[in-house]
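The next block is work.pdb, given as PDB, C-alpha atoms.
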```pdb
ATOM      1  CA  MET Y   1      27.615 -18.445   4.083
ATOM      2  CA  SER Y   2      27.682 -15.054   2.363
ATOM      3  CA  GLY Y   3      27.796 -13.009   5.574
ATOM      4  CA  ARG Y   4      24.884 -10.942   4.307
ATOM      5  CA  ARG Y   5      21.843 -10.472   6.509
ATOM      6  CA  LEU Y   6      19.213 -10.444   3.751
ATOM      7  CA  SER Y   7      18.731 -12.434   0.553
ATOM      8  CA  ALA Y   8      16.201 -11.019  -1.913
ATOM      9  CA  VAL Y   9      14.645 -13.459  -4.389
ATOM     10  CA  VAL Y  10      13.231 -11.959  -7.598
ATOM     11  CA  PRO Y  11      11.589 -14.449  -9.992
ATOM     12  CA  THR Y  12      11.174 -13.257 -13.587
ATOM     13  CA  LEU Y  13      10.201 -14.419 -17.046
ATOM     14  CA  GLY Y  14      12.298 -11.594 -18.456
ATOM     15  CA  ALA Y  15       9.299  -9.669 -19.779
ATOM     16  CA  SER Y  16       8.819  -7.061 -17.065
ATOM     17  CA  PRO Y  17       9.797  -3.542 -18.171
ATOM     18  CA  TYR Y  18      10.393  -2.748 -14.497
ATOM     19  CA  LEU Y  19      12.947  -5.466 -13.766
ATOM     20  CA  GLU Y  20      16.060  -3.281 -13.887
ATOM     21  CA  ARG Y  21      14.421  -0.638 -11.672
ATOM     22  CA  CYS Y  22      13.330  -3.371  -9.274
ATOM     23  CA  LEU Y  23      16.865  -4.701  -8.841
ATOM     24  CA  ALA Y  24      18.486  -1.272  -8.697
ATOM     25  CA  ALA Y  25      16.061  -0.199  -5.959
ATOM     26  CA  LEU Y  26      16.919  -3.263  -3.878
ATOM     27  CA  ARG Y  27      20.638  -2.552  -4.280
ATOM     28  CA  ASP Y  28      20.221   1.146  -3.446
ATOM     29  CA  ASP Y  29      18.082   0.302  -0.415
ATOM     30  CA  ALA Y  30      20.381  -2.258   1.229
ATOM     31  CA  GLY Y  31      23.716  -1.891  -0.580
ATOM     32  CA  ALA Y  32      26.180  -4.713  -0.057
ATOM     33  CA  ALA Y  33      24.100  -6.078   2.846
ATOM     34  CA  VAL Y  34      21.653  -7.727   0.437
ATOM     35  CA  GLU Y  35      22.290 -10.758  -1.746
ATOM     36  CA  ILE Y  36      20.115 -10.363  -4.836
ATOM     37  CA  VAL Y  37      19.052 -13.708  -6.313
ATOM     38  CA  LEU Y  38      17.440 -13.528  -9.752
ATOM     39  CA  VAL Y  39      15.459 -16.565 -10.859
ATOM     40  CA  ALA Y  40      15.373 -16.245 -14.645
ATOM     41  CA  GLN Y  41      12.706 -18.567 -16.049
ATOM     42  CA  GLU Y  42      11.786 -19.633 -19.591
ATOM     43  CA  GLY Y  43      15.431 -19.486 -20.671
ATOM     44  CA  SER Y  44      15.649 -15.727 -20.109
ATOM     45  CA  ALA Y  45      19.005 -15.739 -18.268
ATOM     46  CA  ALA Y  46      21.190 -15.515 -21.395
ATOM     47  CA  ARG Y  47      19.584 -12.319 -22.684
ATOM     48  CA  LEU Y  48      19.253 -10.732 -19.233
ATOM     49  CA  ARG Y  49      22.835 -11.210 -18.024
ATOM     50  CA  PRO Y  50      24.460  -8.454 -20.127
ATOM     51  CA  ARG Y  51      21.827  -5.882 -19.178
ATOM     52  CA  LEU Y  52      21.791  -6.702 -15.459
ATOM     53  CA  ALA Y  53      25.514  -7.056 -14.809
ATOM     54  CA  GLY Y  54      26.338  -5.689 -11.382
ATOM     55  CA  LEU Y  55      22.750  -5.842 -10.120
ATOM     56  CA  VAL Y  56      22.564  -9.600  -9.501
ATOM     57  CA  ASP Y  57      24.686 -11.544  -7.027
ATOM     58  CA  ARG Y  58      23.413 -15.009  -7.854
ATOM     59  CA  TRP Y  59      21.590 -16.362 -10.892
ATOM     60  CA  VAL Y  60      19.182 -19.292 -10.972
ATOM     61  CA  ALA Y  61      18.599 -20.118 -14.648
ATOM     62  CA  LEU Y  62      15.530 -22.213 -15.495
ATOM     63  CA  ASP Y  63      14.426 -23.380 -18.932
ATOM     64  CA  ASP Y  64      10.795 -23.741 -17.880
ATOM     65  CA  ASN Y  65       8.206 -21.438 -16.319
ATOM     66  CA  LEU Y  66       7.575 -22.759 -12.804
ATOM     67  CA  GLY Y  67       5.323 -19.882 -11.835
ATOM     68  CA  PHE Y  68       5.949 -17.567  -8.925
ATOM     69  CA  ALA Y  69       5.807 -20.405  -6.394
ATOM     70  CA  GLY Y  70       8.159 -22.845  -8.087
ATOM     71  CA  GLY Y  71      10.563 -20.170  -9.265
ATOM     72  CA  THR Y  72      10.783 -18.492  -5.878
ATOM     73  CA  ASP Y  73      11.356 -21.847  -4.185
ATOM     74  CA  ARG Y  74      14.380 -22.410  -6.424
ATOM     75  CA  GLY Y  75      15.725 -19.034  -5.366
ATOM     76  CA  VAL Y  76      15.092 -19.571  -1.664
ATOM     77  CA  ALA Y  77      16.972 -22.878  -1.874
ATOM     78  CA  VAL Y  78      20.249 -21.102  -2.714
ATOM     79  CA  CYS Y  79      19.908 -18.232  -0.227
ATOM     80  CA  ALA Y  80      22.391 -18.045   2.617
ATOM     81  CA  ALA Y  81      21.017 -15.203   4.763
ATOM     82  CA  PRO Y  82      18.819 -15.521   7.881
ATOM     83  CA  TRP Y  83      16.178 -13.251   6.296
ATOM     84  CA  ILE Y  84      14.563 -13.873   2.906
ATOM     85  CA  ALA Y  85      12.816 -11.180   0.872
ATOM     86  CA  THR Y  86      10.485 -12.010  -1.982
ATOM     87  CA  VAL Y  87      10.030  -9.237  -4.535
ATOM     88  CA  ASN Y  88       7.990  -9.243  -7.739
ATOM     89  CA  ASP Y  89       9.872  -8.163 -10.843
ATOM     90  CA  ASP Y  90       7.436  -5.251 -11.219
ATOM     91  CA  ALA Y  91       7.822  -3.991  -7.629
ATOM     92  CA  ILE Y  92      10.145  -1.144  -6.632
ATOM     93  CA  VAL Y  93      11.071  -0.687  -2.977
ATOM     94  CA  GLU Y  94      11.680   2.771  -1.593
ATOM     95  CA  PRO Y  95      14.757   3.674   0.517
ATOM     96  CA  GLY Y  96      14.561   2.251   4.014
ATOM     97  CA  TRP Y  97      12.169  -0.563   3.044
ATOM     98  CA  SER Y  98      14.312  -3.507   4.113
ATOM     99  CA  GLY Y  99      15.738  -1.841   7.231
ATOM    100  CA  ARG Y 100      12.287  -0.969   8.560
ATOM    101  CA  LEU Y 101      10.922  -4.458   7.958
ATOM    102  CA  LEU Y 102      13.951  -6.100   9.568
ATOM    103  CA  ALA Y 103      13.728  -3.773  12.581
ATOM    104  CA  ALA Y 104      10.073  -4.727  13.100
ATOM    105  CA  LEU Y 105      10.878  -8.429  12.818
ATOM    106  CA  ASP Y 106      13.862  -8.114  15.167
ATOM    107  CA  ALA Y 107      11.581  -6.506  17.758
ATOM    108  CA  ASP Y 108       9.027  -9.354  17.632
ATOM    109  CA  PRO Y 109      10.616 -12.803  17.896
ATOM    110  CA  ARG Y 110       7.298 -14.512  17.106
ATOM    111  CA  ALA Y 111       6.860 -12.604  13.848
ATOM    112  CA  GLY Y 112       7.764 -14.778  10.880
ATOM    113  CA  ALA Y 113       6.951 -12.333   8.092
ATOM    114  CA  ALA Y 114       6.468  -8.628   7.457
ATOM    115  CA  GLN Y 115       5.452  -6.360   4.628
ATOM    116  CA  GLY Y 116       5.070  -2.633   4.263
ATOM    117  CA  VAL Y 117       2.473  -0.557   2.474
ATOM    118  CA  VAL Y 118       2.483  -1.380  -1.231
ATOM    119  CA  LEU Y 119       1.300   1.494  -3.426
ATOM    120  CA  ARG Y 120       0.169   1.357  -7.040
ATOM    121  CA  LEU Y 121       3.023   2.404  -9.295
ATOM    122  CA  ALA Y 122       0.631   4.044 -11.759
ATOM    123  CA  ALA Y 123      -1.183   5.886  -8.961
ATOM    124  CA  PRO Y 124       1.124   6.160  -5.935
ATOM    125  CA  GLY Y 125      -1.539   7.988  -3.965
ATOM    126  CA  GLU Y 126      -3.492   4.728  -3.769
ATOM    127  CA  VAL Y 127      -2.781   1.625  -1.694
ATOM    128  CA  ASP Y 128      -2.430  -1.703  -3.475
ATOM    129  CA  GLY Y 129      -2.194  -3.642  -0.211
ATOM    130  CA  ARG Y 130      -0.735  -3.714   3.295
ATOM    131  CA  GLY Y 131      -1.288  -7.342   4.247
ATOM    132  CA  LEU Y 132      -3.411 -10.406   3.536
ATOM    133  CA  ALA Y 133      -6.566 -11.605   5.264
ATOM    134  CA  TRP Y 134      -9.537 -13.859   4.569
ATOM    135  CA  ASN Y 135     -12.964 -12.316   4.030
ATOM    136  CA  ARG Y 136     -16.311 -13.940   4.847
ATOM    137  CA  TRP Y 137     -16.441 -15.636   1.414
ATOM    138  CA  TRP Y 138     -13.001 -17.205   1.907
ATOM    139  CA  GLN Y 139     -11.294 -14.965  -0.591
ATOM    140  CA  ALA Y 140      -7.765 -13.855   0.251
ATOM    141  CA  VAL Y 141      -7.865 -10.069   0.014
ATOM    142  CA  GLN Y 142      -5.307  -7.290  -0.020
ATOM    143  CA  LEU Y 143      -5.959  -5.199   3.079
ATOM    144  CA  GLY Y 144      -6.335  -1.508   2.371
ATOM    145  CA  HIS Y 145      -6.690  -1.993  -1.379
ATOM    146  CA  GLY Y 146      -7.963   1.227  -2.951
ATOM    147  CA  GLU Y 147      -7.457   3.361   0.147
ATOM    148  CA  ALA Y 148      -5.539   6.633   0.094
ATOM    149  CA  ALA Y 149      -1.802   6.295   0.677
ATOM    150  CA  PRO Y 150      -0.507   7.442   4.081
ATOM    151  CA  ALA Y 151       0.268  11.127   4.223
ATOM    152  CA  ALA Y 152       3.919  12.188   4.353
ATOM    153  CA  GLY Y 153       5.304  11.336   7.779
ATOM    154  CA  GLU Y 154       2.201   9.404   8.808
ATOM    155  CA  GLY Y 155       3.690   5.994   8.078
ATOM    156  CA  GLU Y 156       6.922   6.686   9.970
ATOM    157  CA  ALA Y 157       4.929   7.515  13.100
ATOM    158  CA  ALA Y 158       2.673   4.439  12.937
ATOM    159  CA  ALA Y 159       3.624   1.264  14.780
ATOM    160  CA  PRO Y 160       3.666  -2.139  13.065
ATOM    161  CA  ALA Y 161       0.313  -3.930  13.230
ATOM    162  CA  GLU Y 162      -0.501  -7.614  13.171
ATOM    163  CA  VAL Y 163      -2.135  -8.987  10.012
ATOM    164  CA  PHE Y 164      -3.080 -12.546   9.110
ATOM    165  CA  GLY Y 165      -0.354 -12.828   6.485
ATOM    166  CA  VAL Y 166       1.744 -10.946   3.963
ATOM    167  CA  SER Y 167       1.695 -10.642   0.211
ATOM    168  CA  ALA Y 168       4.836 -12.031  -1.408
ATOM    169  CA  THR Y 169       4.784  -9.044  -3.803
ATOM    170  CA  ALA Y 170       7.316  -7.350  -1.509
ATOM    171  CA  ALA Y 171       7.874  -8.987   1.859
ATOM    172  CA  VAL Y 172      10.554 -10.260   4.229
ATOM    173  CA  TYR Y 173      10.380 -13.691   5.880
ATOM    174  CA  ARG Y 174      12.315 -15.122   8.805
ATOM    175  CA  ARG Y 175      14.272 -18.097   7.511
ATOM    176  CA  ALA Y 176      13.491 -20.155  10.641
ATOM    177  CA  ALA Y 177       9.769 -19.531  10.123
ATOM    178  CA  LEU Y 178       9.933 -20.687   6.521
ATOM    179  CA  ALA Y 179      11.678 -23.867   7.631
ATOM    180  CA  ALA Y 180       8.969 -24.509  10.236
ATOM    181  CA  ALA Y 181       6.158 -23.983   7.696
ATOM    182  CA  ALA Y 182       7.737 -25.856   4.765
ATOM    183  CA  LEU Y 183       5.835 -28.585   2.965
ATOM    184  CA  PRO Y 184       7.064 -32.190   2.972
ATOM    185  CA  GLY Y 185      10.129 -32.162   0.762
ATOM    186  CA  GLY Y 186      11.111 -28.668   1.866
ATOM    187  CA  ALA Y 187       9.143 -26.418  -0.516
ATOM    188  CA  VAL Y 188       8.274 -23.028   0.972
ATOM    189  CA  PHE Y 189       5.703 -21.982  -1.624
ATOM    190  CA  ASP Y 190       3.609 -24.842  -2.976
ATOM    191  CA  PRO Y 191       4.999 -25.343  -6.516
ATOM    192  CA  ALA Y 192       1.770 -27.018  -7.646
ATOM    193  CA  LEU Y 193      -0.068 -23.711  -7.181
ATOM    194  CA  GLY Y 194       2.119 -21.924  -9.712
ATOM    195  CA  SER Y 195       1.010 -18.316  -9.295
ATOM    196  CA  TRP Y 196      -1.795 -16.720  -7.262
ATOM    197  CA  TYR Y 197      -2.838 -17.753  -3.753
ATOM    198  CA  GLU Y 198       0.614 -19.241  -3.139
ATOM    199  CA  ASP Y 199       1.364 -16.533  -0.555
ATOM    200  CA  ALA Y 200      -2.027 -17.016   1.134
ATOM    201  CA  ASP Y 201      -1.224 -20.723   1.430
ATOM    202  CA  LEU Y 202       2.139 -19.904   3.006
ATOM    203  CA  ALA Y 203       0.419 -17.429   5.362
ATOM    204  CA  ASN Y 204      -1.865 -20.256   6.528
ATOM    205  CA  ARG Y 205       1.067 -22.581   7.167
ATOM    206  CA  LEU Y 206       3.056 -19.927   9.027
ATOM    207  CA  ARG Y 207       0.040 -19.283  11.269
ATOM    208  CA  ALA Y 208      -0.406 -23.005  11.812
ATOM    209  CA  ALA Y 209       3.240 -23.231  12.879
ATOM    210  CA  GLY Y 210       2.731 -20.481  15.463
ATOM    211  CA  TRP Y 211       4.192 -17.463  13.639
ATOM    212  CA  ARG Y 212       2.687 -13.975  13.423
ATOM    213  CA  ALA Y 213       2.774 -11.538  10.496
ATOM    214  CA  LEU Y 214       3.274  -7.778  10.591
ATOM    215  CA  SER Y 215       2.288  -4.808   8.467
ATOM    216  CA  VAL Y 216       4.857  -2.010   8.779
ATOM    217  CA  PRO Y 217       3.490   1.367   7.602
ATOM    218  CA  ALA Y 218       6.931   2.990   7.384
ATOM    219  CA  ALA Y 219       8.155   0.530   4.710
ATOM    220  CA  ILE Y 220       6.967   1.550   1.243
ATOM    221  CA  ALA Y 221       7.080  -0.253  -2.091
ATOM    222  CA  LEU Y 222       5.476   0.496  -5.459
ATOM    223  CA  HIS Y 223       3.872  -2.208  -7.591
ATOM    224  CA  ALA Y 224       2.861  -2.143 -11.264
ATOM    225  CA  GLY Y 225       0.710  -5.218 -10.838
ATOM    226  CA  THR Y 226      -0.433  -5.861 -14.420
ATOM    227  CA  THR Y 227       2.444  -7.448 -16.345
ATOM    228  CA  THR Y 228       1.877 -11.059 -15.290
ATOM    229  CA  GLY Y 229      -1.902 -10.804 -15.333
ATOM    230  CA  GLU Y 230      -2.054  -9.372 -18.850
ATOM    231  CA  ARG Y 231       0.262 -12.073 -20.162
ATOM    232  CA  ALA Y 232      -1.747 -14.855 -18.496
ATOM    233  CA  GLY Y 233      -5.137 -13.667 -19.827
ATOM    234  CA  TRP Y 234      -8.019 -15.970 -18.947
ATOM    235  CA  ARG Y 235      -5.580 -18.415 -17.380
ATOM    236  CA  ARG Y 236      -5.080 -15.912 -14.584
ATOM    237  CA  TRP Y 237      -8.686 -16.313 -13.517
ATOM    238  CA  ALA Y 238      -8.436 -20.080 -13.809
ATOM    239  CA  MET Y 239      -5.475 -20.053 -11.417
ATOM    240  CA  VAL Y 240      -7.119 -17.596  -9.012
ATOM    241  CA  ALA Y 241     -10.425 -19.482  -8.856
ATOM    242  CA  GLY Y 242      -8.904 -22.946  -8.718
ATOM    243  CA  ASN Y 243      -6.094 -22.189  -6.277
ATOM    244  CA  ARG Y 244      -8.504 -20.460  -3.890
ATOM    245  CA  HIS Y 245     -10.485 -23.666  -3.408
ATOM    246  CA  LEU Y 246      -7.367 -25.792  -3.002
ATOM    247  CA  VAL Y 247      -5.816 -23.461  -0.441
ATOM    248  CA  VAL Y 248      -9.043 -23.119   1.547
ATOM    249  CA  ALA Y 249      -9.556 -26.891   1.532
ATOM    250  CA  ARG Y 250      -6.046 -27.382   2.935
ATOM    251  CA  LEU Y 251      -6.753 -24.738   5.585
ATOM    252  CA  LEU Y 252     -10.246 -25.802   6.690
ATOM    253  CA  GLY Y 253     -10.063 -29.586   6.484
ATOM    254  CA  ARG Y 254     -13.397 -31.181   7.331
ATOM    255  CA  LEU Y 255     -15.051 -27.740   7.535
ATOM    256  CA  TYR Y 256     -14.383 -27.017   3.856
ATOM    257  CA  GLY Y 257     -17.592 -28.805   2.842
ATOM    258  CA  ARG Y 258     -19.580 -26.607   5.213
ATOM    259  CA  GLU Y 259     -18.177 -23.441   3.616
ATOM    260  CA  LEU Y 260     -18.274 -24.646   0.012
ATOM    261  CA  GLY Y 261     -21.782 -23.356  -0.685
ATOM    262  CA  ARG Y 262     -20.850 -19.841   0.431
ATOM    263  CA  MET Y 263     -17.724 -19.933  -1.722
ATOM    264  CA  LEU Y 264     -19.563 -21.121  -4.822
ATOM    265  CA  LEU Y 265     -22.296 -18.511  -4.448
ATOM    266  CA  ARG Y 266     -19.655 -15.790  -4.423
ATOM    267  CA  ASP Y 267     -17.890 -17.424  -7.384
ATOM    268  CA  LEU Y 268     -21.114 -17.471  -9.392
ATOM    269  CA  ALA Y 269     -21.884 -13.864  -8.528
ATOM    270  CA  ASP Y 270     -18.389 -12.772  -9.595
ATOM    271  CA  ALA Y 271     -18.564 -14.802 -12.816
ATOM    272  CA  GLY Y 272     -22.005 -13.427 -13.659
ATOM    273  CA  ARG Y 273     -20.891  -9.862 -13.022
ATOM    274  CA  ALA Y 274     -17.814 -10.363 -15.184
ATOM    275  CA  ALA Y 275     -19.873 -11.784 -18.045
ATOM    276  CA  ALA Y 276     -22.387  -8.915 -17.819
ATOM    277  CA  GLU Y 277     -19.548  -6.391 -18.006
ATOM    278  CA  GLY Y 278     -18.062  -7.996 -21.081
ATOM    279  CA  GLY Y 279     -15.465 -10.062 -19.233
ATOM    280  CA  ALA Y 280     -16.393 -13.405 -20.752
ATOM    281  CA  GLY Y 281     -12.753 -14.485 -20.584
ATOM    282  CA  ARG Y 282     -12.769 -14.052 -16.824
ATOM    283  CA  ALA Y 283     -15.985 -16.034 -16.448
ATOM    284  CA  LEU Y 284     -14.673 -18.861 -18.629
ATOM    285  CA  GLY Y 285     -11.373 -18.795 -16.769
ATOM    286  CA  MET Y 286     -13.148 -19.180 -13.446
ATOM    287  CA  ALA Y 287     -15.046 -22.203 -14.781
ATOM    288  CA  ALA Y 288     -11.747 -23.725 -15.906
ATOM    289  CA  GLY Y 289     -10.384 -23.034 -12.437
ATOM    290  CA  TRP Y 290     -13.182 -24.960 -10.758
ATOM    291  CA  ALA Y 291     -12.431 -27.948 -13.000
ATOM    292  CA  ARG Y 292      -8.724 -27.658 -12.171
ATOM    293  CA  ALA Y 293      -9.490 -27.569  -8.450
ATOM    294  CA  ALA Y 294     -11.753 -30.621  -8.692
ATOM    295  CA  ARG Y 295      -8.964 -32.636 -10.339
ATOM    296  CA  ARG Y 296      -6.377 -31.642  -7.744
ATOM    297  CA  MET Y 297      -8.591 -31.621  -4.666
ATOM    298  CA  PRO Y 298      -7.559 -35.073  -3.349
ATOM    299  CA  ARG Y 299      -4.059 -33.680  -2.683
ATOM    300  CA  TYR Y 300      -5.414 -30.804  -0.575
ATOM    301  CA  ALA Y 301      -8.612 -31.948   1.135
ATOM    302  CA  HIS Y 302      -8.368 -33.632   4.523
ATOM    303  CA  ARG Y 303     -10.735 -34.701   7.261
ATOM    304  CA  GLY Y 304      -8.786 -33.094  10.091
ATOM    305  CA  ALA Y 305      -9.478 -29.936  12.033
ATOM    306  CA  PRO Y 306      -8.705 -26.533  10.486
ATOM    307  CA  ARG Y 307      -4.958 -25.927  10.365
ATOM    308  CA  VAL Y 308      -5.527 -22.515  11.936
ATOM    309  CA  PRO Y 309      -8.297 -22.116  14.554
ATOM    310  CA  LEU Y 310     -11.251 -20.265  13.053
ATOM    311  CA  ALA Y 311     -11.199 -17.827  15.956
ATOM    312  CA  GLU Y 312      -7.716 -16.785  14.822
ATOM    313  CA  VAL Y 313      -8.852 -16.366  11.222
ATOM    314  CA  HIS Y 314     -11.870 -14.322  12.309
ATOM    315  CA  ARG Y 315      -9.818 -12.148  14.659
ATOM    316  CA  LEU Y 316      -7.841 -10.894  11.676
ATOM    317  CA  ARG Y 317     -10.609 -11.107   9.099
ATOM    318  CA  ALA Y 318     -10.908  -8.568   6.297
ATOM    319  CA  GLU Y 319     -14.186  -6.680   6.084
ATOM    320  CA  ALA Y 320     -13.239  -4.941   2.848
ATOM    321  CA  GLY Y 321     -10.591  -5.222   0.158
ATOM    322  CA  SER Y 322      -9.906  -6.529  -3.298
ATOM    323  CA  SER Y 323     -10.879 -10.086  -4.121
ATOM    324  CA  ASP Y 324      -8.097 -10.197  -6.696
ATOM    325  CA  PRO Y 325      -4.808 -11.263  -5.066
ATOM    326  CA  ASN Y 326      -1.734 -10.004  -6.930
TER     327      ASN Y 326
END
```
Exercise: express the given structure as structure tokens:
Amino acid sequence: MSGRRLSAVVPTLGASPYLERCLAALRDDAGAAVEIVLVAQEGSAARLRPRLAGLVDRWVALDDNLGFAGGTDRGVAVCAAPWIATVNDDAIVEPGWSGRLLAALDADPRAGAAQGVVLRLAAPGEVDGRGLAWNRWWQAVQLGHGEAAPAAGEGEAAAPAEVFGVSATAAVYRRAALAAAALPGGAVFDPALGSWYEDADLANRLRAAGWRALSVPAAIALHAGTTTGERAGWRRWAMVAGNRHLVVARLLGRLYGRELGRMLLRDLADAGRAAAEGGAGRALGMAAGWARAARRMPRYAHRGAPRVPLAEVHRLRAEAGSSDPN
């Protein structure tokens, strides 16, 4: 055991221009109390090591791209601390971020995860998200997306609030909760999902295992939010559209068929709007995502009851927010 209280897992392909700032902010925030674990995918470890000397405590070098889910799982597997942070390589935490999240989790023994308010790096006066929830069309949305950032001092005075789940963009998880919600074989994030909707799937499983999630207004992080999406192109929309159906099928069980019509109507409306606005790549990507979901559906669909009671989902439902999970 390292003796550290927090392990922070940062998966990267080595392309983010914000990576060094991301790691330096984590170190400045928590000092020696944090173990920083960098998961360098696509063979990027060799060229990153000289530049990041002193900012990384443990390296996980991968030749392949396992996506956010698979890469983060590899990092979590080597962590020794009782608390696990997941941080995107284009997210920068502000001073006090980890301490405020850990204090909120310490105060609520049934809370398995917490995140703060994530602001847009390019426009820090605007909220990127402060938690995850499901909307009426079974899209996982970023709560507060597009809202004005809290005024100075406002966040410090606000108490933590319960949300359905947290975005893995910048969050802290209780290690015991992750163990309780793990998939058969021990994976925390479903590696088959790759990227997008993997944190919504984990939020479902944490809820099903009896754990709550918190949004902590006093903990602030900044997120660029475009690097991975721009690199993925139309494949991003294929992953978003396909993973959404797989994750909802796993959540709803026999009720998935009842909700499928509503989901497809929203999909078609979004695809049509994208095509009309010149986003043909997004529309084609969504179609590819539906095909991907159809092929993989037997691994996710089940005839059982919803993993989380619908009353619990509806209690924390999102009425507004972005339909584009980061």
- Taking all atoms listed in the file into account, which of Y:Gly131, Y:Ala149, Y:Pro217, Y:Arg5 comes nearest Gly96 in chain Y? Y:Pro217
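The coordinates place CA of Ala318 in chain Y at 4.8 Å from CA of Asn135 in chain Y.
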Taking a cut-off of 9 Å and counting all atoms listed in the file, can you build a table that, for each residue of range 175-246 of chain Y near range 53-77 of chain Y, reports the nearest atom pair and how far apart they are in Å (one decimal), sorted by chain then residue number, as a tab-separated table?
```
residue	atom	partner	partner_atom	distance
Y:Ala187	CA	Y:Asp73	CA	6.3
Y:Val188	CA	Y:Asp73	CA	6.1
Y:Phe189	CA	Y:Ala69	CA	5.0
Y:Asp190	CA	Y:Ala69	CA	6.0
Y:Pro191	CA	Y:Gly70	CA	4.3
Y:Ala192	CA	Y:Gly70	CA	7.6
Y:Leu193	CA	Y:Ala69	CA	6.8
Y:Gly194	CA	Y:Gly67	CA	4.4
Y:Ser195	CA	Y:Phe68	CA	5.0
Y:Trp196	CA	Y:Phe68	CA	8.0
Y:Glu198	CA	Y:Ala69	CA	6.2
Y:Asp199	CA	Y:Ala69	CA	8.3
```
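One distance worth recording is that between CA of Ala221 in chain Y and CA of Leu119 in chain Y, which is 6.2 Å.
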- Query: Leaving out Ala113 in chain Y and any residue of its chain fewer than 2 positions from it, which residues lie within 12 Å of it when counting all atoms listed in the file, given as an MDAnalysis selection string?
  - Reply: chainID Y and resid 83:86 101:106 108:111 115:116 131:132 160:168 170:178 181 199 202:207 210:216
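Distance annotation: of Y:Val240, Y:Ala15, Y:Leu260, Y:Ala33, the residue with the minimal separation from Met286 in chain Y is Y:Val240; atom set is all atoms listed in the file.
In this model, the gap between CA of Arg273 in chain Y and CA of Gly289 in chain Y comes to 16.9 Å.
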- Task: List every protein, DNA or RNA residue with an atom no more than 12 Å from (3.1, -8.0, -6.8) in the file's coordinates, counting all atoms listed in the file, and format the result as JSON, numbers by chain.
- Result: {"Y": [10, 11, 12, 16, 18, 22, 68, 86, 87, 88, 89, 90, 91, 92, 93, 115, 117, 118, 119, 120, 121, 128, 129, 130, 131, 142, 166, 167, 168, 169, 170, 171, 195, 196, 197, 199, 221, 222, 223, 224, 225, 226, 227, 228, 229, 324, 325, 326]}
Would you mind putting back N, CA and C atoms on range 23-36 of chain Y, then writing it out as a short mmCIF file (atom, residue, chain, number, x, y, z; two decimals), keeping the file's coordinate frame?
```cif
data_model
loop_
_atom_site.label_atom_id
_atom_site.label_comp_id
_atom_site.auth_asym_id
_atom_site.auth_seq_id
_atom_site.Cartn_x
_atom_site.Cartn_y
_atom_site.Cartn_z
N LEU Y 23 15.59 -4.25 -9.39
CA LEU Y 23 16.86 -4.70 -8.84
C LEU Y 23 17.71 -3.53 -8.35
N ALA Y 24 17.71 -2.44 -9.10
CA ALA Y 24 18.49 -1.27 -8.70
C ALA Y 24 17.95 -0.70 -7.38
N ALA Y 25 16.64 -0.71 -7.20
CA ALA Y 25 16.06 -0.20 -5.96
C ALA Y 25 16.45 -1.06 -4.77
N LEU Y 26 16.47 -2.37 -4.95
CA LEU Y 26 16.92 -3.26 -3.88
C LEU Y 26 18.38 -2.99 -3.51
N ARG Y 27 19.22 -2.82 -4.54
CA ARG Y 27 20.64 -2.55 -4.28
C ARG Y 27 20.81 -1.20 -3.59
N ASP Y 28 20.10 -0.18 -4.06
CA ASP Y 28 20.22 1.15 -3.45
C ASP Y 28 19.70 1.14 -2.01
N ASP Y 29 18.68 0.34 -1.75
CA ASP Y 29 18.08 0.30 -0.42
C ASP Y 29 19.01 -0.35 0.60
N ALA Y 30 19.62 -1.48 0.25
CA ALA Y 30 20.38 -2.26 1.23
C ALA Y 30 21.87 -2.36 0.91
N GLY Y 31 22.30 -1.86 -0.25
CA GLY Y 31 23.72 -1.89 -0.58
C GLY Y 31 24.29 -3.29 -0.61
N ALA Y 32 25.50 -3.42 -0.06
CA ALA Y 32 26.18 -4.71 -0.06
C ALA Y 32 25.60 -5.69 0.95
N ALA Y 33 24.67 -5.21 1.81
CA ALA Y 33 24.10 -6.08 2.85
C ALA Y 33 23.08 -7.06 2.28
N VAL Y 34 22.65 -6.85 1.03
CA VAL Y 34 21.65 -7.73 0.44
C VAL Y 34 22.30 -8.58 -0.66
N GLU Y 35 21.93 -9.84 -0.67
CA GLU Y 35 22.29 -10.76 -1.75
C GLU Y 35 21.08 -10.83 -2.68
N ILE Y 36 21.23 -10.35 -3.89
CA ILE Y 36 20.11 -10.36 -4.84
C ILE Y 36 20.20 -11.63 -5.68
#
```
